[in-house]
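Participant: Got a structure for you, written out below as structure tokens; questions coming shortly.
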Amino acid sequence: MTRVGCTVNVPGMHGSLEVDGTILVTGATGTIGSEVFRRLAAAGDRPRALVRDTQSALARLGEGAEHVVGDLDRRESLDVAMAGIDRVFLLTRQSSRQGAQERNVIDAAASAGVRRVVKLSVFRADERSPLRIARQHRDTERALEASGLAYVIVRPVFLMQNLLAMVRGEAIRTAAGAGRVAMVDARDVAATAVAALTRGGGDGKTYTLTGPQPLSFDEVAAIVSQQTGARVRHQHVAPDDVRRAVERSGAEAWFAADMAELHGMLANGYEDLVTDDVCDATGTAPGMLAEFAFDFADRLAAGTQPPPSGLA
Ligand SMILES: NC(=O)c1ccc[n+]([C@@H]2O[C@H](COP(=O)([O-])OP(=O)(O)OC[C@H]3O[C@@H](n4cnc5c(N)ncnc54)[C@H](OP(=O)(O)O)[C@@H]3O)[C@@H](O)[C@H]2O)c1
């Protein structure tokens with residue numbers, strides 16, 4: 001599948017950060033982190049995954065994947081994990097522990113003399129944001145800025161991979177109305193993080209990552225239908241329905257409320273913009289939604305099927 005061309009031709013990072021040092025990847029079994037790990041390993045770099053459980057980590061990352069067992073909540077385990085590390089990919093899950101966990105990583109990295117931290121943040125991280133997730137990411141960005149460590153910050157918009165959980169029984173349910181979102185593929189987020197981890201320059205830079213095209217969820221549903229062969233429509237629901245659905249998925253109440261709020265913001269064009277930052281960092285244009293839907297067609301189509309009996 002073809003990609004639109006890069007509209008900028010000035011890579012933001014130059015040369016190689018070199019070397020044979022090891023890169024600690026946190027969140028390495030998750031959506032973005034597993035892709036960061038895989039890309040680093042494929043390029044001959046030396047990623048070490050921080051994992052909570054060896055067996056499930058090796059199942060996800062492949063037998064032989066270099067890893068260290070640790071927990072973001074236990075600072076002493078991070079001190080052990082940092083031995084011999086010179087760069088860190090910092091990603092934590094959205095939870096009320098997130099700020100404390102990220103500070104643990106930053107403090108351990110500073111003590112270990114790490115050369116660069118690449119932090120996964122969120123679009124428009126801002127202490128005045130109505131979204132708690134954006135406020136807490138901004139708090140950690142500030143801690144990183146004050147740490148004395150060299151750093152790069154990566155702020156993606158809504159991930160295309162969210163659709164894997166949103167396509168359910170022939171519908172994508174949102175409270176985003178006709179609002180358009182330039183959602184980004186997590187694989188492009190990972191590629192940007194890898195560039196920031198492995199190339200020189202760019203210290204202190206913040207990348208705001210979007211996909212190549214703002215799309216309404218009606219258009220998203222049409223593209224998913226086209227690529228999967230399944231019939232998927234966009235069903236408009238109330239913000240409170242979004243909140244309840246996110247809470248049912250096991251998220252904390254504040255995060256569910258954030259998602260309800262976010263859908264209202266998306267309806268008003270909050271993520272209706274395209275940046276050049278994936279191009280700028282990687283030299284490659286971000287992938288279109290059609291490419292994502294083609295690559296993940298089986299999983300998207302599986303979401304349209306009724307759940308097996310007994311699980312409804
Ligand atoms: N989804 C979006 O649209 C979007 C957009 C912008 C930014 N973001 C940001 O992206 C981040 C989430 O990324 P993701 O979706 O790739 O995450 P994810 O798939 O939920 O993965 C989370 C990772 O964190 C690990 N983890 C959780 N608790 C841990 C602990 N106590 N100690 C060690 N590891 C732990 C998990 O390991 P286990 O396998 O052990 O559970 C897993 O590897 C969040 O910060 C979010 O704000 C998301």
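Identifiers in this document derive from the order of the structure tokens: chains are assigned A, B, ..., residues are numbered from 1 separately in each chain, and ligands are numbered from 1 in order of occurrence.
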List as a PDB file with C-alpha atoms, in the first residue's frame the protein and nucleic acid residues lying within 6 Å of ligand 1, with only C-alpha atoms and all ligand atoms counted.
Facilitator:
ATOM      1  CA  GLY A  27       6.164  -0.834  28.710  1.00  0.00           C
ATOM      2  CA  ALA A  28       7.863  -3.370  26.437  1.00  0.00           C
ATOM      3  CA  THR A  29       4.973  -5.841  26.340  1.00  0.00           C
ATOM      4  CA  GLY A  30       2.428  -3.171  25.376  1.00  0.00           C
ATOM      5  CA  THR A  31       1.164  -1.726  22.091  1.00  0.00           C
ATOM      6  CA  ILE A  32       3.878   0.889  21.517  1.00  0.00           C
ATOM      7  CA  GLY A  33       6.713  -0.538  23.640  1.00  0.00           C
ATOM      8  CA  VAL A  51       9.052  -6.795  32.308  1.00  0.00           C
ATOM      9  CA  ARG A  52       6.962  -7.984  35.217  1.00  0.00           C
ATOM     10  CA  ASP A  71       8.283  -3.184  38.533  1.00  0.00           C
ATOM     11  CA  LEU A  72       7.743   0.510  37.868  1.00  0.00           C
ATOM     12  CA  ASP A  73       6.349   0.809  41.395  1.00  0.00           C
ATOM     13  CA  LEU A  91       6.293   4.516  28.741  1.00  0.00           C
ATOM     14  CA  THR A  92       3.797   3.806  31.486  1.00  0.00           C
ATOM     15  CA  ARG A  93       0.126   2.927  31.409  1.00  0.00           C
ATOM     16  CA  GLN A  94      -2.513   5.559  32.148  1.00  0.00           C
ATOM     17  CA  SER A 121       3.597  11.513  26.455  1.00  0.00           C
ATOM     18  CA  VAL A 122       0.278  12.624  25.006  1.00  0.00           C
ATOM     19  CA  PRO A 156       0.938  11.179  19.901  1.00  0.00           C
ATOM     20  CA  VAL A 157      -2.717  11.888  19.194  1.00  0.00           C
ATOM     21  CA  PHE A 158      -5.384   9.155  19.269  1.00  0.00           C
ATOM     22  CA  LEU A 159      -3.842   5.813  18.197  1.00  0.00           C
ATOM     23  CA  ASN A 162      -7.600   2.035  19.798  1.00  0.00           C
TER      24      ASN A 162
END
Participant: Would you tabulate, counting only C-alpha atoms, all residues of segment 112-193 of chain A that have an atom at most 12 Å from an atom of segment 74-83 of chain A, showing the closest pair of atoms and their distance in Å to one decimal, sorted by chain then ascending number, as CSV?
Facilitator:
residue,atom,partner,partner_atom,distance
A:Ala112,CA,A:Met82,CA,6.3
A:Gly113,CA,A:Met82,CA,9.2
A:Val114,CA,A:Met82,CA,8.2
A:Arg115,CA,A:Met82,CA,11.6
Participant: Could you go through segment 21-114 of chain A and tell me which residues DSSP, when run on the backbone, assigns to strand (DSSP E or B), listing them as a PyMOL selection string?
Facilitator: chain A and resi 22-25+46-51+67-69+85-90
Participant: Using C-alpha atoms, can you export the residues from the last selection as a CSV table (one decimal), in the first residue's frame?
Facilitator:
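And here's part07.csv as it stands now:
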chain,number,residue,atom,x,y,z
A,22,THR,CA,22.0,-1.0,25.9
A,23,ILE,CA,18.6,0.6,25.7
A,24,LEU,CA,16.0,-0.1,28.5
A,25,VAL,CA,12.5,-0.3,27.1
A,46,ARG,CA,20.5,-3.8,22.1
A,47,PRO,CA,17.2,-3.3,23.7
A,48,ARG,CA,16.5,-4.7,27.2
A,49,ALA,CA,12.9,-5.0,28.1
A,50,LEU,CA,11.7,-4.2,31.6
A,51,VAL,CA,9.1,-6.8,32.3
A,67,HIS,CA,14.9,-8.6,29.5
A,68,VAL,CA,15.1,-7.8,33.2
A,69,VAL,CA,12.3,-8.4,35.7
A,85,ILE,CA,22.0,1.1,30.4
A,86,ASP,CA,22.7,4.3,28.5
A,87,ARG,CA,19.3,5.2,27.0
A,88,VAL,CA,15.7,4.6,28.2
A,89,PHE,CA,12.4,4.5,26.5
A,90,LEU,CA,9.9,5.6,29.1
Participant: Would you return as a PyMOL selection string the members of segment 20-232 of chain A that DSSP assigns to alpha helix (DSSP H) on this structure's backbone?
Facilitator: chain A and resi 31-42+54-61+75-81+98-112+132-146+163-166+186-198+217-228
Participant: Rank A:Met183, A:Arg248, A:Arg124, A:Gly84 by their smallest atom-to-atom distance to Thr206 of chain A, using only C-alpha atoms, and report the top residue only.
Facilitator: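 Checking each of A:Met183, A:Arg248, A:Arg124, A:Gly84 against Thr206 of chain A, counting only C-alpha atoms, the winner is A:Arg124.
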Participant: So which one's closest to Arg199 of chain A, A:Arg173, A:Val118, A:Ala178, A:Ala257? Using only C-alpha atoms, please.
Facilitator: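 Using only C-alpha atoms, Arg199 of chain A sits closest to A:Val118.
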Participant: Which distance in Å separates atom CA of Val274 of chain A and atom CA of Val36 of chain A, to one decimal?
Facilitator: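 Separating atom CA of Val274 of chain A from atom CA of Val36 of chain A is a distance of 22.8 Å.
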Participant: For each of A:Ser225, A:Thr304, A:Thr140, A:Ser95, take the minimum atom-to-atom distance to Gly250 of chain A, counting only C-alpha atoms, then give the residue where this is smallest.
Facilitator: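 Among the listed residues, A:Ser95 lies closest to Gly250 of chain A.
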Participant: When you count only C-alpha atoms, which of these residues is closest to Glu102 of chain A: A:Glu141, A:Asp241, A:Asp218, A:Asp258?
Facilitator: A:Glu141
Participant: Env of segment 125-138 of chain A: 9 Å cut, atoms = only C-alpha atoms, seq-sep filter 4 positions within chain, self excluded. Answer as a list in words.
Facilitator: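 Result of the neighbour search: Gln94, Ser95, Ser96, Gln98, Gly99, Leu120, Ser121, Arg142, Ala143, Arg155, Trp254, Phe255, Ala257, Asp258, Met259, Glu261 and Leu262 of chain A.
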Participant: Write out as a list of chain:residue names the residues lying within 7 Å of Thr174 of chain A, counting only C-alpha atoms and excluding same-chain residues fewer than 6 positions away.
Facilitator: A:Gln235, A:His236, A:Val237, A:Val242, A:His263
Participant: Quick one: distance from atom CA of Arg244 of chain A to atom CA of Val167 of chain A in Å, one decimal?
Facilitator: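 For atom CA of Arg244 of chain A relative to atom CA of Val167 of chain A, the distance reads 16.2 Å.
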Participant: One decimal, Å: what's the distance from atom CA of Leu58 of chain A over to atom CA of Gln161 of chain A, could you say?
Facilitator: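 Separation between atom CA of Leu58 of chain A and atom CA of Gln161 of chain A: 21.9 Å.
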Participant: Any idea what's packed within 9 Å of Ala253 of chain A, counting only C-alpha atoms, ignoring anything in its chain fewer than 6 positions away? Could you give it as JSON, numbers by chain?
Facilitator: {"A": [243, 244, 246, 247]}
Participant: Between A:Ala150, A:Met288, A:Ile106, A:Val117, which one has atoms that come closest to Ala186 of chain A, using only C-alpha atoms?
Facilitator: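 For Ala186 of chain A, the nearest of the given residues is A:Met288.
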Participant: Find the residue from A:Ala195, A:Ala281, A:Val224, A:Ala182 that sits nearest to Gly269 of chain A; use only C-alpha atoms when measuring.
Facilitator: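 Comparing A:Ala195, A:Ala281, A:Val224, A:Ala182 against Gly269 of chain A, the winner is A:Ala182.
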